[in-house]
Amino acid sequence: MRHPHLVTLTATTFVTWTGQRITAVALPLVALDQTGDAWTTGLVGGFAGLPLLTSAWWGRRLRPHLMSGRALAVLLVVQALGLALVPVAAATVGVGAVVLCASGLVTGAASALLAPAQRALTADLAELPGIPPGVGPKALAWQDLAHRASMIFAPALGAWLLVAWGTEPLLWCEAAAVALAAAVMLTVPAARTAGAVQDDVVLDDVVLDDGGRADAGRADAGRADAGRADAGRADAGRADAGRADVAPAGEAAGTEGGAGVGDGRAAGSDDGSSVRALLRAHPDLAAGLGLAGVGGVTWFGFTLGLALLGAELGRPGELIAAGMAGYGAATVGASFVAPLVVDRVPRIPAIVISWVVFGLAYLALPVAAPDLVAVGLVSAVGGITMPFGIAALNALIVDRTTGAERRTAFTAETVLHAGGASAGLLAGGALIGAFGAGPVLVVTGLMQVVAALGAVVWLRTRRDTVDPDRYRPASPVRQPG
């Protein structure tokens, strides 16, 4: 990944996630200390999920404008201001429930727009002239690695800084990281602008090259300019006459960012490519996004389920620590490999296998408990395929979509998975309280396995009525250069 703007987007992902994981160590402690109520410790995270769940509606008019680094920098500034609410309140009037809720709403709204817009911009920049095919999925896989790599050291760094600095200074880490990312993001242009610059460079090279070979003929070329100009004016007149006949068809076929060049991918218009139309047009995308939603909704079975299963078995905190350690180590390790092989990984099989394996891990966890080593190993097996499934889904979106349709697809991925996780966590505690952690782990694991196998059956039935080319990886669309 040698394109400087793609490197910048990956670096900002790493910086912001590192800041978030460091601040996450201190935020619950500050909330508990200043409010005295344990229920306030999750208010920021809980309220951050509300804008995400509804962003498909309120963000529809904003998404078409989020096509450049400058636009993303504005979102990052808004997010930094929302993050700064808590440390400013802690230093002045004190942190209360209202401040925590307001911070969650502001940061959640910015994040709901930022995440899909950044992935869409990454994919658009990777399709500029001069960049080899397949760079987009690799760049998105590197961003996933940048997000996961912070799990290795950021919590431990946060714990050390907590002892060295105290809680309140630590609250500024995430706001500072996001502000830094906003400043760096200003250097990233829109894909159209970057494409125009590259086209100019190519044209300049051609002119210089031709000029170097044609020094002797410049005088003759100069004498012929007038004749060519007259001919050009006559051609322009004839072209105008012809354009009247072909303009409607040409405009209908015209797309944003080089789409619609005969590869069967619909670009969608900036003023609204609906999720329903997207899913109807691309059944394989519908299956991948649907499985991401199921995985998000059932995520509470792993996190809350292991935490409460440990309490039931007399090992509070130990099972979830072992499970998260195994899962985190496996996913980080696999994330180093995913960018190198994503262009050779079959899309739908990788997505389906990742959710089947993770679901089977859920089924095995109640059997593995209370053995900490067994819980860690089962969690690692469940997590090791996940980066490949995520990379395959992002690659599928890049392969199938451009323009507004691409932004809609990435938004749907974010809402279904992250929003589903928020909804699952809201209901998960009550379900585990009613039925027990072990049975809930089994049921949520079965849901993932059954959904994945059902997606395979559904796609097989669709193949008879849909163009089979839709299920093969499409080469990235290139802008005319």
# chains A, B, ... in the order shown; residues from 1 in each chain; ligands from 1

call {"tool": "residues_around", "arguments": {"residues": "segment 381-398 of chain A", "least_positions_apart": "2", "cutoff": "6 Å", "atoms": "only C-alpha atoms", "output": "list in words"}}
result
Pro137, Ala141, Tyr327, Ala330, Thr331, Ala334, Ser335, Ala338, Arg347, Ala350, Ile351, Ser354, Val357, Phe358, Ala361, Val378, Ser379, Arg400 and Thr401 of chain A

call {"tool": "select_by_dssp", "arguments": {"residues": "segment 301-387 of chain A", "states": "alpha helix (DSSP H)", "output": "PyMOL selection string"}}
result
chain A and resi 301-312+318-341+347-368+372-384+386-387

call {"tool": "write_last_selection", "arguments": {"atoms": "C-alpha atoms", "output": "mmCIF file, in the first residue's frame"}}
result
data_model
loop_
_atom_site.group_PDB
_atom_site.id
_atom_site.type_symbol
_atom_site.label_atom_id
_atom_site.label_comp_id
_atom_site.auth_asym_id
_atom_site.auth_seq_id
_atom_site.Cartn_x
_atom_site.Cartn_y
_atom_site.Cartn_z
ATOM 1 C CA GLY A 301 -23.462 -13.817 24.082
ATOM 2 C CA PHE A 302 -19.670 -13.766 23.987
ATOM 3 C CA THR A 303 -18.997 -10.680 26.097
ATOM 4 C CA LEU A 304 -21.829 -10.658 28.652
ATOM 5 C CA GLY A 305 -22.247 -14.416 28.401
ATOM 6 C CA LEU A 306 -18.652 -15.219 29.386
ATOM 7 C CA ALA A 307 -18.640 -12.542 32.093
ATOM 8 C CA LEU A 308 -21.806 -13.869 33.743
ATOM 9 C CA LEU A 309 -20.875 -17.517 33.159
ATOM 10 C CA GLY A 310 -17.704 -16.849 35.144
ATOM 11 C CA ALA A 311 -19.789 -15.407 37.973
ATOM 12 C CA GLU A 312 -22.093 -18.450 37.913
ATOM 13 C CA GLU A 318 -11.555 -14.807 34.771
ATOM 14 C CA LEU A 319 -13.528 -16.415 31.935
ATOM 15 C CA ILE A 320 -14.116 -13.156 30.079
ATOM 16 C CA ALA A 321 -10.443 -12.221 30.491
ATOM 17 C CA ALA A 322 -9.316 -15.582 29.084
ATOM 18 C CA GLY A 323 -11.855 -15.439 26.260
ATOM 19 C CA MET A 324 -11.038 -11.892 25.206
ATOM 20 C CA ALA A 325 -7.294 -12.593 25.416
ATOM 21 C CA GLY A 326 -7.609 -15.628 23.146
ATOM 22 C CA TYR A 327 -9.971 -13.890 20.740
ATOM 23 C CA GLY A 328 -7.884 -10.712 20.630
ATOM 24 C CA ALA A 329 -4.569 -12.498 20.047
ATOM 25 C CA ALA A 330 -6.029 -14.646 17.274
ATOM 26 C CA THR A 331 -7.747 -11.803 15.453
ATOM 27 C CA VAL A 332 -4.697 -9.545 15.639
ATOM 28 C CA GLY A 333 -2.465 -12.324 14.308
ATOM 29 C CA ALA A 334 -4.874 -13.116 11.477
ATOM 30 C CA SER A 335 -5.187 -9.399 10.662
ATOM 31 C CA PHE A 336 -1.498 -9.345 9.695
ATOM 32 C CA VAL A 337 -2.181 -12.055 7.100
ATOM 33 C CA ALA A 338 -5.569 -10.862 5.758
ATOM 34 C CA PRO A 339 -4.244 -7.862 3.732
ATOM 35 C CA LEU A 340 -1.729 -10.122 1.994
ATOM 36 C CA VAL A 341 -4.250 -12.718 0.818
ATOM 37 C CA ARG A 347 -15.704 -13.679 -0.920
ATOM 38 C CA ILE A 348 -18.850 -15.553 0.122
ATOM 39 C CA PRO A 349 -17.090 -18.728 1.369
ATOM 40 C CA ALA A 350 -14.801 -16.639 3.597
ATOM 41 C CA ILE A 351 -17.762 -14.724 5.048
ATOM 42 C CA VAL A 352 -19.816 -17.852 5.685
ATOM 43 C CA ILE A 353 -16.933 -19.857 7.192
ATOM 44 C CA SER A 354 -15.994 -17.048 9.567
ATOM 45 C CA TRP A 355 -19.479 -16.902 11.075
ATOM 46 C CA VAL A 356 -19.884 -20.696 11.196
ATOM 47 C CA VAL A 357 -16.567 -21.096 13.052
ATOM 48 C CA PHE A 358 -17.385 -18.283 15.466
ATOM 49 C CA GLY A 359 -20.840 -19.713 16.116
ATOM 50 C CA LEU A 360 -19.359 -23.159 16.815
ATOM 51 C CA ALA A 361 -17.005 -21.515 19.316
ATOM 52 C CA TYR A 362 -20.032 -20.124 21.157
ATOM 53 C CA LEU A 363 -21.421 -23.677 21.368
ATOM 54 C CA ALA A 364 -18.149 -25.007 22.765
ATOM 55 C CA LEU A 365 -17.567 -22.329 25.397
ATOM 56 C CA PRO A 366 -20.019 -23.700 28.039
ATOM 57 C CA VAL A 367 -18.295 -27.080 27.646
ATOM 58 C CA ALA A 368 -14.800 -25.570 27.907
ATOM 59 C CA LEU A 372 -9.294 -20.949 31.492
ATOM 60 C CA VAL A 373 -6.875 -22.446 28.965
ATOM 61 C CA ALA A 374 -9.692 -24.229 27.164
ATOM 62 C CA VAL A 375 -11.819 -21.065 27.085
ATOM 63 C CA GLY A 376 -8.884 -19.099 25.657
ATOM 64 C CA LEU A 377 -8.180 -21.722 22.975
ATOM 65 C CA VAL A 378 -11.841 -22.004 21.923
ATOM 66 C CA SER A 379 -12.118 -18.219 21.711
ATOM 67 C CA ALA A 380 -8.928 -18.068 19.639
ATOM 68 C CA VAL A 381 -10.247 -20.671 17.190
ATOM 69 C CA GLY A 382 -13.489 -18.718 16.902
ATOM 70 C CA GLY A 383 -11.696 -15.432 16.264
ATOM 71 C CA ILE A 384 -8.954 -16.529 13.886
ATOM 72 C CA MET A 386 -13.017 -13.313 11.621
ATOM 73 C CA PRO A 387 -10.522 -10.869 9.973
#

call {"tool": "residues_around", "arguments": {"residues": "Val188 of chain A", "least_positions_apart": "5", "cutoff": "7 Å", "atoms": "only C-alpha atoms", "output": "NGL selection string"}}
result
:A and (5 or 68-69)

call {"tool": "residues_around", "arguments": {"residues": "Gly428 of chain A", "least_positions_apart": "3", "cutoff": "9 Å", "atoms": "only C-alpha atoms", "output": "ChimeraX atom specification"}}
result
/A:298,300-301,304-305,423-425,431-433,440

call {"tool": "atom_distance", "arguments": {"atom1": "atom CA of Val77 of chain A", "atom2": "atom CA of Leu105 of chain A"}}
result
14.5 Å
